[in-house]
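To keep things clear, I will list the structure first and then write my remarks on it.
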Amino acid sequence: MTDDWLEIPQDSAFTRNHLPYGVFSRAGENRRVGVAVGSQVLDLARLDIPHASAFASPSLNTFMALGPEAWSLVRTRLQFMLGDEGFREAVSAQLIPADDVQLHLPIEVADYVDFYASEHHATNVGRIFRPDSEPLTPNWKYLPIGYHGRAGTIFVSGTEVHRPAGQARAAGGSVTFGPTTRLDIEAEVAFVVGAGSASGRPVAVSAFAEHVFGVCLLNDWSARDIQAWEYVPLGPFLGKSFATSISAWITPLDALAEAWIDPPSRNPVPLPYLDDGAMRSGLDIDLEVKLNGTLVSRPRFADMYWSPAQMLAHMTVNGASLRTGDVFGSGTVSGPRPDQRGCLLELSWNGSEPVTLDDGSRRSFLEDGDEVVITASAPGADGRTLELGEVRGRIG
Ligand code: CA
């Protein structure tokens with residue numbers, strides 16, 4: 001490899017081998033697609049690269065719809081241009097300091113599905129809510145459980161979250177209405193579908209990379225009191241649909257080539273359409289959750305029972321088609337240790353063991369003004385750690 005003309009600080013989240021995609025604007029200009037490089041944003045629509053016109057668009061969808069060959073072609077070209085002295089002038093002219101741009105929701109979200117793929121999370125939630133029965137439901141190890149969420153309330157990182165109001169049942173059994181008193185987070189990894197699929201044609205686990213464009217972090221804000229009252233028998237509804245936050249930067253799947261690992265062993269053996277034994281289907285992504293600056297959890301995506309390829313295969317096995325811009329979340333990422341729990345419900349054990357923050361205050365659930373930041377790292381292609389785009393949100 002040639003010596004890069006572009007110097008990227010060692011501590012930068014966005015190396016030349018990462019190149020996450022986002023949508024940005026400067027004052028008075030249209031929204032368009034860029035990639036993050038170091039502390040700058042590369043304005044792709046103004047570069048002489050393949051598919052440049054697809055980047056003069058207010059979302060990534062136009063580019064994502066072109067499919068994996070186009071994704072690969074552009075990525076390879078950008079990496080070459082960022083390393084080759086001959087492109088220094090042309091590329092430098094289109095680099096904008098990140099501080100000068102506003103970031104927007106990077107994709108036009110089509111459908112949104114959220115899974116429940118962490119055995120540790122599902123077990124903890126089962127113990128909290130159904131202490132007298134088996135923590136996992138009988139179907140849990142046969143299929144990745146999920147539900148369809150609300151695509152229209154997915155927001156970009158940094159968007160203020162408003163405390164929802166709704167019905168809840170008080171401890172004494174009376175039904176009340178008012179602002180949630182149990183506002184929570186769920187630290188998740190999300191997958192963005194680029195290339196769609198035809199109705200009636202299930203997508204095999206092995207076809208994951210033909211459809212999934214990239215990965216980001218997701219915070220599935222949850223009102224536990226609303227959720228607990230409404231979720232039987234049809235699952236989450238208003239306790240979740242008020243807001244879901246995702247990163248401003250989407251990490252392309254190609255950037256995570258070194259992060260694939262074997263998933264945990266499954267027992268019973270999954271049905272054939274969920275058999276991902278021929279691939280390294282787990283992802284070595286380490287998350288960190290900070291609440292008002294205090295590190296409260298470090299969940300590992302490597303512990304997830306169901307892999308993203310199995311999630312994709314399951315959500316299409318009935319013939320449901322994929323669309324460009326579909327997003328599916330992993331569900332809360334939790335590990336076996338108490339400091340690896342990805343939501344406050346688990347961290348505070350439903351309020352019985354409040355979390356102590358660095359300022360001495362305690363939290364069972366979120367208070368107004370609280371800010372939650374989820375970050376994550378994974379092995380990068382250059383031996384350096386790759387940092388996914390953060391997802392940040394403050395309760396307004
Ligand atoms: Ca969730």
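Chain identifiers are assigned as A, B, and so on, following the order in which chains appear in the structure tokens; residues are numbered from 1 within each chain, and ligands are numbered from 1 in order of appearance.
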
- [ ] Could you please write out, as number ranges by chain, every residue of stretch 74-212 of chain A that DSSP assigns to alpha helix (DSSP H)?
- [x] A: 74-83, 88-92, 119-129, 208-211

Go through stretch 201-281 of chain A residue by residue and, counting only C-alpha atoms, keep those with an atom at most 12 Å from stretch 49-63 of chain A; for each kept residue give the shortest atom pair and its distance in Å to one decimal, ordered by chain and increasing number, as a Markdown table.
| residue | atom | partner | partner_atom | distance |
| --- | --- | --- | --- | --- |
| A:Phe213 | CA | A:Phe63 | CA | 9.9 |
| A:Gly214 | CA | A:Leu60 | CA | 11.0 |
| A:Ala248 | CA | A:Ser59 | CA | 11.3 |
| A:Trp249 | CA | A:Leu60 | CA | 10.6 |
| A:Ile250 | CA | A:Leu60 | CA | 9.4 |
| A:Pro252 | CA | A:Leu60 | CA | 11.6 |

What are the nearest atom pairs, with distances in Å to one decimal, for all residues of chain A that come at most 12 Å from ligand 1, using only C-alpha atoms and all ligand atoms, set out by chain and rising residue number as a Markdown table?
| residue | atom | partner | partner_atom_place_in_ligand_line | distance |
| --- | --- | --- | --- | --- |
| A:Tyr112 | CA | ligand 1 | 1 (Ca) | 11.2 |
| A:Val113 | CA | ligand 1 | 1 (Ca) | 9.2 |
| A:Asp114 | CA | ligand 1 | 1 (Ca) | 5.7 |
| A:Phe115 | CA | ligand 1 | 1 (Ca) | 6.5 |
| A:Tyr116 | CA | ligand 1 | 1 (Ca) | 6.6 |
| A:Ala117 | CA | ligand 1 | 1 (Ca) | 9.5 |
| A:Ser118 | CA | ligand 1 | 1 (Ca) | 10.4 |
| A:His121 | CA | ligand 1 | 1 (Ca) | 10.2 |
| A:Ala122 | CA | ligand 1 | 1 (Ca) | 10.7 |
| A:Val125 | CA | ligand 1 | 1 (Ca) | 11.8 |
| A:Ile145 | CA | ligand 1 | 1 (Ca) | 10.8 |
| A:Gly146 | CA | ligand 1 | 1 (Ca) | 8.8 |
| A:Tyr147 | CA | ligand 1 | 1 (Ca) | 9.2 |
| A:His148 | CA | ligand 1 | 1 (Ca) | 10.7 |
| A:Gly149 | CA | ligand 1 | 1 (Ca) | 9.3 |
| A:Arg150 | CA | ligand 1 | 1 (Ca) | 11.9 |
| A:Asp184 | CA | ligand 1 | 1 (Ca) | 10.5 |
| A:Ile185 | CA | ligand 1 | 1 (Ca) | 8.6 |
| A:Glu186 | CA | ligand 1 | 1 (Ca) | 5.8 |
| A:Ala187 | CA | ligand 1 | 1 (Ca) | 7.9 |
| A:Glu188 | CA | ligand 1 | 1 (Ca) | 7.1 |
| A:Val189 | CA | ligand 1 | 1 (Ca) | 9.9 |
| A:Ala190 | CA | ligand 1 | 1 (Ca) | 10.2 |
| A:Leu217 | CA | ligand 1 | 1 (Ca) | 11.9 |
| A:Leu218 | CA | ligand 1 | 1 (Ca) | 8.9 |
| A:Asn219 | CA | ligand 1 | 1 (Ca) | 7.8 |
| A:Asp220 | CA | ligand 1 | 1 (Ca) | 5.1 |
| A:Trp221 | CA | ligand 1 | 1 (Ca) | 7.9 |
| A:Ser222 | CA | ligand 1 | 1 (Ca) | 7.9 |
| A:Ala223 | CA | ligand 1 | 1 (Ca) | 11.3 |
| A:Arg224 | CA | ligand 1 | 1 (Ca) | 11.5 |
| A:Gln227 | CA | ligand 1 | 1 (Ca) | 11.5 |
| A:Gly235 | CA | ligand 1 | 1 (Ca) | 11.4 |
| A:Pro236 | CA | ligand 1 | 1 (Ca) | 9.2 |
| A:Phe237 | CA | ligand 1 | 1 (Ca) | 11.5 |
| A:Gly239 | CA | ligand 1 | 1 (Ca) | 10.7 |
| A:Lys240 | CA | ligand 1 | 1 (Ca) | 8.0 |
| A:Ser241 | CA | ligand 1 | 1 (Ca) | 10.6 |
| A:Ala243 | CA | ligand 1 | 1 (Ca) | 11.4 |
| A:Thr244 | CA | ligand 1 | 1 (Ca) | 9.2 |
| A:Ser245 | CA | ligand 1 | 1 (Ca) | 11.3 |
| A:Phe328 | CA | ligand 1 | 1 (Ca) | 10.0 |
| A:Gly329 | CA | ligand 1 | 1 (Ca) | 7.1 |
| A:Ser330 | CA | ligand 1 | 1 (Ca) | 7.3 |
| A:Gly331 | CA | ligand 1 | 1 (Ca) | 4.2 |
| A:Thr332 | CA | ligand 1 | 1 (Ca) | 5.4 |
| A:Val333 | CA | ligand 1 | 1 (Ca) | 9.0 |
| A:Ser334 | CA | ligand 1 | 1 (Ca) | 11.5 |
| A:Gly342 | CA | ligand 1 | 1 (Ca) | 10.0 |
| A:Cys343 | CA | ligand 1 | 1 (Ca) | 9.5 |

Open item on the list: Applying 6 Å and only C-alpha atoms, which residues near stretch 201-210 of chain A remain after dropping the ones on its own chain fewer than 6 positions away? List them as a PyMOL selection string.
Closed with: chain A and resi 309-310+313+316-317+319

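Each of A:Gly67, A:Gln340, A:Leu238, A:Gly277 was checked against A:Ser297 using only C-alpha atoms; the smallest atom-to-atom distance is that of A:Gln340.
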
Task: Among listed residues A:Glu353, A:Asp368, A:Glu7, A:Glu288, nearest A:Val37 (using only C-alpha atoms) - done: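 Going through A:Glu353, A:Asp368, A:Glu7, A:Glu288 one by one, the smallest distance to A:Val37 is for A:Glu7.
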
Task: Interatomic distance, atom CA of A:Asp100 to atom CA of A:Ser39 (Å, one decimal) - done: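 Atom CA of A:Asp100 sits 10.6 Å away from atom CA of A:Ser39.
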
Task: Nearest to A:Asp359 by atom-to-atom distance, counting only C-alpha atoms, from A:Ser247, A:Asn30, A:Asn292, A:Thr324 - done: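 Using only C-alpha atoms, the shortest distance to A:Asp359 belongs to A:Asn292.
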